[in-house]
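K.L.:
Following this message is one structure expressed as structure tokens.
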Amino acid sequence: MSQSPLQAQGSKGYADAWRAINILIRSDGTWSGRERNLCFRNRGDGTFDDFSFLTGLDLDSDGRAFVPLDLDGDGDQDLILKNRNGRQLRAFRNDMRPGRARSLTVRLQGTSSNRDGVGGRVWLTTDRRTLMREIVSGSGYLSQRSRVATFGLGSEETVRSVRVRWPLGTVEAFDEPPQQGGIVLVEGEGAIRSASLPEPSAVASEPARSVRSAGESGTWLAKPVPAPDFVLDEIAGQAGVVRLSGQRGSPVLLNFWATWCPPCRSELALFQSQLDELRTAGVKILAVSVDDRSQSAAVEKLSAELGLSYTVLLADSKTAEAYSVLNERLFDRRRALAIPTSFLLDGEGRIVKVYRGEVEPDRVLADLHAQNRETLPFAGRWAKSQPRRDYQELASAFAERGLGTAARAMFDEALAQGGRSPLLLNNLAGALIADGEVERAEAVLREALAAAPGLTDARVNLASLLVRRGAVGEAESQLEQALAQQPRDGQALSALGYIRFSQGRLDAAEALFRRAIEAQPEDPRLRENLGAALASQGKSEDALREYQLALQLGRDTAEIHTSLGVLHMQIGNPSQGLAAFLSAAEADPDSPVPQLYLARYQLQAGNISQALDRIQRAKQLAPNNLEAALLHVQALALQGQPEAAKRAAEEVVRQHPESPEAKRLLKELR
Amino acid sequence: MKAIRAASLAAFAALAWAQDADFSLQVEFERERPVDRLLAKVDPSLDVWIGEQDYEAINAELKAIAKALVVDPNSFEPLKEHTGTFRSLGLAEFKIVSTGRSGSASGSARVAARVELGGAATDGRLLSKLGAVDMSWAETSAGWELRETRIGAFRQASADRSGFSEITDEVFGGIDALRKQLDFGVDHWRDTLDAALGVSIYGHQGVSLGDFDGDGLDDLYVSQPSGLPNRLFKNNANGTFSDVTLRAGLDVLDETSMALFGDLDGDGDQDVILIGSAPLLFRNDGGRFRFDDAALDIGQDRAAMFTGAALADYDLDGDLDLYVCAYDFWQPGEEYDAPTPYYDAVNGPPNLLFRNDGSGRFEEVADAAGFGPTNDRFSFAAAWGDYDDDGDPDLYVANDFGRNNLYRNNGDGTFDDVAAELGVEDLGAGMSAAWGDYDGDGDLDLYTANMWSSAGLRITGSQRFEGIAPTASQRALFRRQAQGNSLFRNDGEQGFSDVSEEALVRTGRWAWASDFVDLDSDGLLDLFVQNGYITGERLDDL
């Protein structure tokens with residue numbers, strides 16, 4: 001609620017908040033849950049009593065709809081409630097009055113008016129009052145109550161007359177109605193019919209066929225989905241690498257397991273014990289361990305212990321994540337991949353069934369031969385809809401997690417299903433860029449923009465691509481067009497700011513980044529960009545603040561920390577500078593950059609041997625790094641080893657003949 | 001579908017001693033899940049609301065007090081004058097509705113809470129009490145301590161026994177589908193069925209009465225989410241029902257939010273329209289239903305999720321016409337225009353008015369009928385009622401995120417939206433609409449459901465909120481979204497008066513179906529309000 005824009009115009013933060021709420025509730029979050037129902041009793045003086053607790057109807061299930069109905073024929077209104085959560089359907093007997101309640105019910109039957117009497121009015125006049133009901137057909141929420149009007153009556157009350165105004169306007173009055181019970185009035189008939197109720201007779205209920213719960217027997221997919229492809233190493237002692245798509249032509253049981261999961265062991269052993277039957281049935285088993293790669297010895301050991309002779313693979317993080325994302329999206333209730341889980345693939349590499357938890361080989365064998373894949377829990381008929389997999393959504397889910405291969409496969413499915421919507425194309429472009437196919441990405445973005453010129457996202461993405469291939473002029477005009485459509489688009493502002501920055505127009509860049517931040521105050525990357533623009537103008541303290549904000553907003557990268565370190569150094573906080581460089585090294589231990597900053601720091605502080613350690617580490621991480629080599633020369637010189645420094649400098653010039661610094665250093669040393 | 005954005009061209013500055021500043025231009029997908037930011041807000045330690053951290057702590061204290069009260073009604077001294085009349089408490093609840101500082105001192109807080117007590121009174125009767133307390137709390141090294149409790153007004157009601165008893169198994173116990181299908185909520189099905197079947201989380205599936213077999217008794221039809229068959233239960237006239245879904249041909253798997261029974265083709269039996277991803281007409285042929293795909297055509301570009309619907313003969317030609325509410329549920333990954341602005345959203349899909357030609361063939365005429373100008377909201381519920389007693393049905397439409405509509409029937413096939421003029425716009429999260437003469441003066445009054453959210457009241461009342469909605473009127477609009485249900489008394493020529501406060505029916509919680517029903521059989525219309533949005537496995541409420 002907090003982020004609703006006050007103007008009638010989209011805001012990304014607001015849409016994101018909605019998206020976030022939806023993700024939370026899909027993964028078992030609660031949103032105004034356990035709220036009790038309310039009953040208000042009409043006191044007859046214009047006020048009501050809250051008597052919810054006293055009715056026992058104050059249930060805390062997620063109520064949706066209800067209908068009153070006299071279930072037991074005792075004259076009062078019982079209730080049938082419909083809830084979101086189980087039990088979905090509940091019936092409650094009205095015990096407010098002891099014994100029978102006195103009431104008169106009136107059913108209208110139109111002849112020239114609509115037969116249901118909807119819109120008709122019924123007045124019941126007693127010696128004390130006149131009560132009015134209008135017949136409605138659909139009210140409250142998702143509820144259609146009875147078209148029978150019910151009038152509750154006091155025990156001493158005498159009914160004098162019933163009057164009807166039919167939907168088409170005719171009025172009929174009946175002066176001697178029964179004192180209670182049920183009547184039917186037929187339009188134009190002028191007489192009261194007693195509501196004759198049928199003899200009680202219970203017909204037999206139909207049986208409801210249901211599949212066993214998914215935990216036991218797995219879930220057949222209503223729409224088989226292509227299994228994300230992978231190439232994985234087999235464990236030592238097996239043949240090498242396995243490409244999933246290379247297995248097409250026969251069904252595959254793709255099992256995910258881990259050494260730390262006891263049920264997985266017994267399941268793997270069961271597969272082995274019935275391997276002949278499984279092979280005869282033509283199904284290949286791929287058992288993918290999701291253990292950390294450092295645990296491969298444990299995986300091999302367990303495999304050997306169990307004597308597994310089918311394929312055992314070591315998952316990489318992308319594969320594990322891809323199947324986790326898939327598992328989340330195959331079910332509306334989002335849950336991470338639990339181990340063990342198995343996927344049954346058909347000969348075309350499509351997942352047809354998911355087994356969450358252990359699966360017995362007999363179940364798999366039965367499923368391989370199943371004539372009828374029970375994708376529905378109960379029999380039923382589709383009138384107009386069909387099961388439908390949203391491949392665009394699935395593709396985006398993979399893309400968001402950087403799983404380009406899986407995303408591409410799902411985009412292909414979406415395209416095969418005839419989707420060429422601008423948004424699909426925009427997102428496809430993202431996946432293409434991730435795969436380095438920038439030319440096709442550009443073409444796809446242009447197609448998207450031709451169909452939807454107002455798709456700012458695509459325009460900004462195109463501009464980014466253009467900058468990347470040096471077409472800055474067109475990038476600028478695309479961004480200006482995007483900003484003409486969406487003046488507050490943070491990404492467009494930021495991209496234009498970047499262009500200005502790289503043109504050296506720092507104050508313009510700063511202004512653009514500031515506007516971007518106004519639009520998206522919680523995006524740490526914008527803070528980082530602004531920090532860069534400020535730092536380049538020498539506004540070190542302002543820059544420092546922005547970088548710190550970026551850090552607080554969650555951008556905990558080595559780059560942020562090094563930038564912070566540099567700024568601290570500039571404004572004379574060497575201890576904080578050191579701390580920041582150490583944080584950078586921690587944030588990205590595989591990068592030489594923080595090591596080199598630490599080396600520079602130590603050189604400045606006169607700790608030459610510590611500097612040399614850092615330089616050494618940087619060289620290990622990046623053997624051909626010019627900067628490391630130059631620092632090494634400087635360190636040797638400072639350590640009082642001019643000869644070693646000179647030799648090192650000569651080596652640098654040989655390896656990096658293009659570097660003027662190397663030449664300058666060598667010259668100085670000579 | 002979610003649009004994937006270029007990353008912000010993260011820059012690594014050209015700093016004094018960084019030679020060749022390395023600008024890497026990346027186009028990347030947003031890795032950060034939007035949920036992370038929201039979760040950061042849910043975590044009290046990062047809460048942006050002034051007072052919300054304190055709220056969490058004090059609320060925990062109040063929960064502990066409530067828990068102790070259930071064990072011993074006299075365990076909380078300040079409330080003794082009210083709890084003392086209970087022998088035992090089954091219900092003790094504090095709902096904080098506003099918080100603030102006591103003066104300017106930090107470490108002190110004032111908390112207003114709604115108190116609800118229910119249980120067995122010392123005289124053996126069932127007793128419930130509702131009231132308000134205003135508390136002063138002080139923060140000490142040991143946590144928040146209650147310093148003072150001022151007791152506000154309390155109301156009470158009592159009865160010699162519980163008004164209703166559950167008889168689900170007696171009524172539906174013989175039905176196989178009850179145990180196997182309906183006893184599970186949608187979360188079970190979301191967890192066990194392929195998402196491609198389309199079971200969604202919201203559980204917007206209702207329940208309807210209609211006499212499908214013409215025996216004079218109302219039978220029951222239960223709507224179900226996509227992929228699960230709706231169920232038709234025949235009334236056995238003995239207090240039980242039987243499942244006759246397949247026989248009747250109404251085992252429809254299409255998403256169904258509600259069903260409307262009525263004689264739509266004038267042949268004397270009850271046909272049915274199912275509302276969901278589209279309105280679908282099924283004709284009754286001797287107790288078997290046949291889908292008629294040609295009867296209701298929503299036309300191009302009218303895709304939406306259809307929610308509430310209602311039948312009436314608006315053009316007074318002797319047949320039932322249909323009004324259908326359209327909503328746009330956000331789906332993950334979908335391009336979606338979130339309701340904007342939140343407190344008065346006008347970017348919803350258009351609702352539909354279908355005119356019946358008498359044979360059960362319908363023509364969509366919303367624009368021709370003049371609905372156009374305000375037909376742009378997120379609608380949940382509609383109810384026909386002749387509020388002005390001129391003989392033709394008028395229409396009230398409850399809309400989420402904003403104003404409701406009251407369409408006055410002009411008697412010539414057109415309507416005018418008179419909601420503003422008559423004072424029934426009821427700005428709020430409209431979810432339910434019902435007409436009824438609660439005050440016995442012969443005209444139709446109106447009850448609408450909204451959200452009553454203690455969190456919403458608290459936040460919109462907080463000082464921090466002033467930064468988000470700068471004008472008082474905007475804050476009032478936001479606040480109105482959380483304020484509760486509305487009872488509008490029909491004052492004839494003077495329009496309607498909002499009497500929710502004086503009638504004491506404002507509190508609704510997160511309300512859905514809310515309707516008039518004579519629960520105590522005294523002829524006066526009482527109110528029943530169904531509450532609750534989504535109770536997940538994790539109970540840490542958003």
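If you're wondering about the labels, chains in the structure tokens are A, B, ... by order shown, residues count from 1 in each chain, ligands from 1 in order shown.
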Would you list the contacts of B:Ser379 as a PDB file with C-alpha atoms, in the first residue's frame, taking every protein, DNA or RNA residue within 10 Å and counting only C-alpha atoms, but skipping same-chain residues closer than 2 positions in sequence?
P.N.:
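Just written: around_17.pdb:
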ATOM      1  CA  MET B 305     -11.267 -13.001 -14.584  1.00  0.00           C
ATOM      2  CA  PHE B 306     -14.963 -12.690 -13.920  1.00  0.00           C
ATOM      3  CA  THR B 307     -15.978 -12.627 -10.302  1.00  0.00           C
ATOM      4  CA  GLY B 308     -19.400 -11.703  -8.992  1.00  0.00           C
ATOM      5  CA  ALA B 309     -22.470 -11.671 -11.172  1.00  0.00           C
ATOM      6  CA  VAL B 324     -20.868  -9.750 -14.737  1.00  0.00           C
ATOM      7  CA  CYS B 325     -18.027  -8.172 -12.769  1.00  0.00           C
ATOM      8  CA  ALA B 326     -14.537  -8.296 -14.231  1.00  0.00           C
ATOM      9  CA  TYR B 327     -11.363  -8.311 -12.198  1.00  0.00           C
ATOM     10  CA  ASP B 328      -7.737  -8.565 -13.135  1.00  0.00           C
ATOM     11  CA  GLY B 348      -9.601  -2.288 -14.374  1.00  0.00           C
ATOM     12  CA  PRO B 349     -11.206  -4.352 -17.123  1.00  0.00           C
ATOM     13  CA  PRO B 350     -14.769  -3.455 -18.134  1.00  0.00           C
ATOM     14  CA  ASN B 351     -17.726  -5.237 -16.570  1.00  0.00           C
ATOM     15  CA  ASN B 375     -16.764   0.962 -16.241  1.00  0.00           C
ATOM     16  CA  ASP B 376     -13.044   0.795 -15.527  1.00  0.00           C
ATOM     17  CA  ARG B 377     -12.647  -0.659 -12.080  1.00  0.00           C
ATOM     18  CA  ALA B 381     -19.578  -8.064  -6.593  1.00  0.00           C
ATOM     19  CA  ALA B 382     -22.862  -6.812  -7.971  1.00  0.00           C
ATOM     20  CA  VAL B 397     -21.297  -2.735  -7.982  1.00  0.00           C
ATOM     21  CA  ALA B 398     -18.605  -3.193  -5.321  1.00  0.00           C
ATOM     22  CA  ASN B 399     -15.132  -2.381  -6.567  1.00  0.00           C
ATOM     23  CA  ASP B 400     -11.781  -3.141  -5.079  1.00  0.00           C
ATOM     24  CA  PHE B 401      -9.333  -0.225  -4.723  1.00  0.00           C
ATOM     25  CA  GLY B 402     -11.781   2.584  -4.980  1.00  0.00           C
ATOM     26  CA  ARG B 403     -15.240   3.876  -5.584  1.00  0.00           C
ATOM     27  CA  ASN B 404     -18.297   1.716  -6.018  1.00  0.00           C
ATOM     28  CA  ASN B 405     -21.006   2.310  -8.594  1.00  0.00           C
ATOM     29  CA  ALA B 429     -11.738  -2.178  -1.094  1.00  0.00           C
ATOM     30  CA  GLY B 430     -15.237  -3.218  -2.092  1.00  0.00           C
ATOM     31  CA  MET B 431     -15.796  -6.945  -2.003  1.00  0.00           C
ATOM     32  CA  SER B 432     -19.457  -7.563  -1.447  1.00  0.00           C
TER      33      SER B 432
END
K.L.:
Taking 5 positions as the minimum chain separation for residues in the same chain, which residues sit within 9 Å of B:Ala153 when counting only C-alpha atoms? Answer as a list in words.
P.N.:
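Residues near the query, excluding close chain neighbours: Leu130, Gly131, Ala132 and Val133 of chain B.
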K.L.:
Kindly save the residues from that selection, with all heavy atoms included, as a CSV table (one decimal), in the first residue's frame.
P.N.:
chain,number,residue,atom,x,y,z
B,130,LEU,N,-17.1,-6.6,23.9
B,130,LEU,CA,-16.3,-5.9,22.9
B,130,LEU,C,-16.0,-4.5,23.4
B,130,LEU,O,-16.9,-3.9,23.9
B,130,LEU,CB,-17.1,-5.7,21.7
B,130,LEU,CG,-16.8,-6.5,20.5
B,130,LEU,CD1,-17.9,-6.2,19.4
B,130,LEU,CD2,-15.4,-6.2,20.0
B,131,GLY,N,-14.8,-4.1,23.4
B,131,GLY,CA,-14.5,-2.8,23.9
B,131,GLY,C,-13.2,-2.3,23.5
B,131,GLY,O,-12.5,-2.8,22.6
B,132,ALA,N,-12.8,-1.2,24.0
B,132,ALA,CA,-11.5,-0.5,23.6
B,132,ALA,C,-10.7,-0.2,24.9
B,132,ALA,O,-11.2,0.1,25.9
B,132,ALA,CB,-11.9,0.8,22.9
B,133,VAL,N,-9.4,-0.3,24.7
B,133,VAL,CA,-8.5,0.2,25.8
B,133,VAL,C,-7.5,1.1,25.2
B,133,VAL,O,-7.1,1.0,24.0
B,133,VAL,CB,-7.8,-1.0,26.5
B,133,VAL,CG1,-8.7,-1.9,27.3
B,133,VAL,CG2,-7.0,-1.9,25.4
K.L.:
As an MDAnalysis selection string, list the residues of stretch 169-394 of chain A assigned to strand (DSSP E) by DSSP on the backbone atoms of this structure.
P.N.:
chainID A and resid 171:174 181:186 192:194 219:226 231:234 241:243 252:257 284:289 311:314 341:345 350:356
K.L.:
Which residues are close to A:Ala406, i.e. within 10 Å by only C-alpha atoms, leaving aside same-chain residues fewer than 2 positions away? Reply as a PDB file with N, CA, C and O atoms, in the first residue's frame.
P.N.:
ATOM      1  N   PRO A 226       9.351 -29.432 -21.503  1.00  0.00           N
ATOM      2  CA  PRO A 226      10.705 -29.855 -21.850  1.00  0.00           C
ATOM      3  C   PRO A 226      11.620 -29.817 -20.631  1.00  0.00           C
ATOM      4  O   PRO A 226      11.627 -28.825 -19.904  1.00  0.00           O
ATOM      5  N   ALA A 227      12.356 -30.886 -20.429  1.00  0.00           N
ATOM      6  CA  ALA A 227      13.279 -30.915 -19.290  1.00  0.00           C
ATOM      7  C   ALA A 227      14.473 -30.033 -19.611  1.00  0.00           C
ATOM      8  O   ALA A 227      15.056 -30.157 -20.690  1.00  0.00           O
ATOM      9  N   PRO A 228      14.842 -29.131 -18.708  1.00  0.00           N
ATOM     10  CA  PRO A 228      16.013 -28.288 -18.969  1.00  0.00           C
ATOM     11  C   PRO A 228      17.240 -29.154 -19.255  1.00  0.00           C
ATOM     12  O   PRO A 228      17.515 -30.101 -18.520  1.00  0.00           O
ATOM     13  N   ASP A 229      17.917 -28.825 -20.323  1.00  0.00           N
ATOM     14  CA  ASP A 229      19.064 -29.634 -20.740  1.00  0.00           C
ATOM     15  C   ASP A 229      20.264 -29.364 -19.828  1.00  0.00           C
ATOM     16  O   ASP A 229      20.351 -28.315 -19.195  1.00  0.00           O
ATOM     17  N   PHE A 230      21.132 -30.338 -19.785  1.00  0.00           N
ATOM     18  CA  PHE A 230      22.379 -30.146 -19.037  1.00  0.00           C
ATOM     19  C   PHE A 230      23.450 -31.051 -19.606  1.00  0.00           C
ATOM     20  O   PHE A 230      23.156 -32.031 -20.297  1.00  0.00           O
ATOM     21  N   LYS A 318      24.150 -24.626 -11.696  1.00  0.00           N
ATOM     22  CA  LYS A 318      23.131 -24.169 -12.646  1.00  0.00           C
ATOM     23  C   LYS A 318      22.051 -25.246 -12.832  1.00  0.00           C
ATOM     24  O   LYS A 318      20.858 -24.932 -12.898  1.00  0.00           O
ATOM     25  N   THR A 319      22.489 -26.497 -12.941  1.00  0.00           N
ATOM     26  CA  THR A 319      21.519 -27.568 -13.152  1.00  0.00           C
ATOM     27  C   THR A 319      20.626 -27.730 -11.928  1.00  0.00           C
ATOM     28  O   THR A 319      19.399 -27.840 -12.050  1.00  0.00           O
ATOM     29  N   ALA A 322      18.275 -24.884 -11.921  1.00  0.00           N
ATOM     30  CA  ALA A 322      17.270 -24.961 -12.979  1.00  0.00           C
ATOM     31  C   ALA A 322      16.146 -25.904 -12.574  1.00  0.00           C
ATOM     32  O   ALA A 322      14.957 -25.597 -12.743  1.00  0.00           O
ATOM     33  N   TYR A 323      16.493 -27.051 -12.017  1.00  0.00           N
ATOM     34  CA  TYR A 323      15.439 -27.986 -11.635  1.00  0.00           C
ATOM     35  C   TYR A 323      14.693 -27.523 -10.394  1.00  0.00           C
ATOM     36  O   TYR A 323      13.529 -27.855 -10.195  1.00  0.00           O
ATOM     37  N   VAL A 325      14.038 -24.310  -9.831  1.00  0.00           N
ATOM     38  CA  VAL A 325      13.093 -23.329 -10.376  1.00  0.00           C
ATOM     39  C   VAL A 325      11.925 -24.058 -11.042  1.00  0.00           C
ATOM     40  O   VAL A 325      10.753 -23.730 -10.843  1.00  0.00           O
ATOM     41  N   LEU A 326      12.247 -25.085 -11.807  1.00  0.00           N
ATOM     42  CA  LEU A 326      11.192 -25.828 -12.506  1.00  0.00           C
ATOM     43  C   LEU A 326      10.218 -26.433 -11.503  1.00  0.00           C
ATOM     44  O   LEU A 326       9.001 -26.329 -11.649  1.00  0.00           O
ATOM     45  N   LEU A 394       7.389 -19.099 -17.396  1.00  0.00           N
ATOM     46  CA  LEU A 394       8.416 -20.057 -17.024  1.00  0.00           C
ATOM     47  C   LEU A 394       9.787 -19.577 -17.506  1.00  0.00           C
ATOM     48  O   LEU A 394      10.779 -19.630 -16.775  1.00  0.00           O
ATOM     49  N   ALA A 395       9.808 -19.096 -18.744  1.00  0.00           N
ATOM     50  CA  ALA A 395      11.062 -18.609 -19.303  1.00  0.00           C
ATOM     51  C   ALA A 395      11.598 -17.447 -18.470  1.00  0.00           C
ATOM     52  O   ALA A 395      12.788 -17.387 -18.144  1.00  0.00           O
ATOM     53  N   SER A 396      10.699 -16.547 -18.092  1.00  0.00           N
ATOM     54  CA  SER A 396      11.145 -15.401 -17.288  1.00  0.00           C
ATOM     55  C   SER A 396      11.699 -15.861 -15.956  1.00  0.00           C
ATOM     56  O   SER A 396      12.668 -15.299 -15.448  1.00  0.00           O
ATOM     57  N   ALA A 397      11.056 -16.890 -15.399  1.00  0.00           N
ATOM     58  CA  ALA A 397      11.514 -17.389 -14.103  1.00  0.00           C
ATOM     59  C   ALA A 397      12.949 -17.884 -14.207  1.00  0.00           C
ATOM     60  O   ALA A 397      13.779 -17.616 -13.336  1.00  0.00           O
ATOM     61  N   PHE A 398      13.247 -18.601 -15.269  1.00  0.00           N
ATOM     62  CA  PHE A 398      14.629 -19.063 -15.460  1.00  0.00           C
ATOM     63  C   PHE A 398      15.557 -17.889 -15.742  1.00  0.00           C
ATOM     64  O   PHE A 398      16.661 -17.814 -15.210  1.00  0.00           O
ATOM     65  N   ALA A 399      15.094 -16.993 -16.590  1.00  0.00           N
ATOM     66  CA  ALA A 399      15.934 -15.870 -16.985  1.00  0.00           C
ATOM     67  C   ALA A 399      16.308 -15.026 -15.782  1.00  0.00           C
ATOM     68  O   ALA A 399      17.453 -14.601 -15.639  1.00  0.00           O
ATOM     69  N   GLY A 402      19.195 -16.130 -14.075  1.00  0.00           N
ATOM     70  CA  GLY A 402      20.411 -16.249 -14.872  1.00  0.00           C
ATOM     71  C   GLY A 402      20.583 -17.625 -15.498  1.00  0.00           C
ATOM     72  O   GLY A 402      21.696 -18.016 -15.825  1.00  0.00           O
ATOM     73  N   LEU A 403      19.480 -18.383 -15.641  1.00  0.00           N
ATOM     74  CA  LEU A 403      19.557 -19.718 -16.217  1.00  0.00           C
ATOM     75  C   LEU A 403      19.189 -19.644 -17.696  1.00  0.00           C
ATOM     76  O   LEU A 403      18.080 -19.968 -18.116  1.00  0.00           O
ATOM     77  N   GLY A 404      20.154 -19.173 -18.462  1.00  0.00           N
ATOM     78  CA  GLY A 404      19.894 -18.828 -19.857  1.00  0.00           C
ATOM     79  C   GLY A 404      19.453 -20.002 -20.698  1.00  0.00           C
ATOM     80  O   GLY A 404      18.526 -19.881 -21.505  1.00  0.00           O
ATOM     81  N   ARG A 408      15.991 -20.133 -22.570  1.00  0.00           N
ATOM     82  CA  ARG A 408      15.891 -20.187 -24.033  1.00  0.00           C
ATOM     83  C   ARG A 408      14.937 -21.289 -24.474  1.00  0.00           C
ATOM     84  O   ARG A 408      14.119 -21.108 -25.370  1.00  0.00           O
ATOM     85  N   ALA A 409      15.056 -22.476 -23.843  1.00  0.00           N
ATOM     86  CA  ALA A 409      14.185 -23.596 -24.218  1.00  0.00           C
ATOM     87  C   ALA A 409      12.720 -23.232 -24.005  1.00  0.00           C
ATOM     88  O   ALA A 409      11.851 -23.551 -24.820  1.00  0.00           O
ATOM     89  N   MET A 410      12.445 -22.522 -22.903  1.00  0.00           N
ATOM     90  CA  MET A 410      11.052 -22.167 -22.602  1.00  0.00           C
ATOM     91  C   MET A 410      10.567 -21.044 -23.538  1.00  0.00           C
ATOM     92  O   MET A 410       9.419 -21.038 -23.951  1.00  0.00           O
ATOM     93  N   PHE A 411      11.469 -20.126 -23.870  1.00  0.00           N
ATOM     94  CA  PHE A 411      11.086 -19.102 -24.856  1.00  0.00           C
ATOM     95  C   PHE A 411      10.757 -19.768 -26.189  1.00  0.00           C
ATOM     96  O   PHE A 411       9.809 -19.390 -26.877  1.00  0.00           O
ATOM     97  N   ASP A 412      11.545 -20.785 -26.542  1.00  0.00           N
ATOM     98  CA  ASP A 412      11.262 -21.485 -27.798  1.00  0.00           C
ATOM     99  C   ASP A 412       9.874 -22.122 -27.757  1.00  0.00           C
ATOM    100  O   ASP A 412       9.138 -22.094 -28.739  1.00  0.00           O
ATOM    101  N   ALA A 431      17.490 -13.063 -22.594  1.00  0.00           N
ATOM    102  CA  ALA A 431      18.125 -14.378 -22.575  1.00  0.00           C
ATOM    103  C   ALA A 431      19.198 -14.465 -23.660  1.00  0.00           C
ATOM    104  O   ALA A 431      20.258 -15.067 -23.458  1.00  0.00           O
TER     105      ALA A 431
END
K.L.:
For B:Leu525, which residue among A:Asp175, A:Asp45, A:Glu643, A:Glu541 is the nearest when counting only C-alpha atoms?
P.N.:
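Smallest distance to B:Leu525 is found for A:Asp45.
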K.L.:
Please return as a VMD selection string: the residues of stretch 278-516 of chain B that backbone DSSP assigns to helix (DSSP H, G or I).
P.N.:
chain B and resid 342 to 344 372 to 374 419 to 422 454 to 460 465 to 468 472 to 480 492 to 494 500 to 503
K.L.:
When you count only C-alpha atoms, which of these residues is closest to B:Leu197: A:Ser146, A:Thr375, A:Gln616, A:Gln274?
P.N.:
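Checking each candidate against B:Leu197, we get A:Thr375 as the closest.
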K.L.:
As a ChimeraX atom specification, please: the residues near B:Gly442 (cut-off 12 Å, only C-alpha atoms, same-chain neighbours under 6 positions excluded).
P.N.:
/A:121-125,129-134 /B:386-389,436,489-492
K.L.:
From the options A:Leu567, A:Leu631, A:Ala448, A:Ala475, which residue's atoms come nearest to chain B, counting only C-alpha atoms?
P.N.:
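Using only C-alpha atoms, chain B sits closest to A:Leu567.
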K.L.:
Excluding A:Phe40 and residues on its chain fewer than 2 positions from it, collect all residues at most 10 Å away from it, counting only C-alpha atoms, and give them as a list in words.
P.N.:
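Counting only the stated atoms, we get Leu38, Asn42, Arg43, Thr47, Phe48, Asp49, Asp50, Phe51, Ser52 and Thr55 of chain A; Ala503, Leu504, Val505, Phe516, Val517, Leu519, Leu525, Asp526, Leu527, Phe528 and Val529 of chain B.
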K.L.:
Could you state the separation of atom CA of B:Gly119 and atom CA of B:Ala66 in Å, given to one decimal place?
P.N.:
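Result for atom CA of B:Gly119 versus atom CA of B:Ala66: 13.0 Å, one decimal.
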K.L.:
Near A:Asp28, counting only C-alpha atoms, which residues have an atom at most 8 Å away, once you skip same-chain residues fewer than 6 positions from it, shown as a list in words?
P.N.:
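What passes the distance filter is Arg333 and Arg334 of chain A; Gly536, Glu537 and Arg538 of chain B.
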K.L.:
Leaving out A:Ala91 and any residue of its chain fewer than 4 positions from it, which residues lie within 7 Å of it when counting only C-alpha atoms, given as a PyMOL selection string?
P.N.:
(chain A and resi 79-81) or (chain B and resi 166-168)
K.L.:
Report, in Å to a single decimal, how far apart atom CA of A:Cys39 and atom CA of B:Thr149 are.
P.N.:
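Spanning atom CA of B:Thr149 to atom CA of A:Cys39 is a straight-line distance of 28.5 Å.
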K.L.:
Please indicate the distance in Å from atom CA of B:Leu311 to atom CA of B:Gly523, rounded to one decimal place.
P.N.:
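Interatomic distance here is 25.3 Å.
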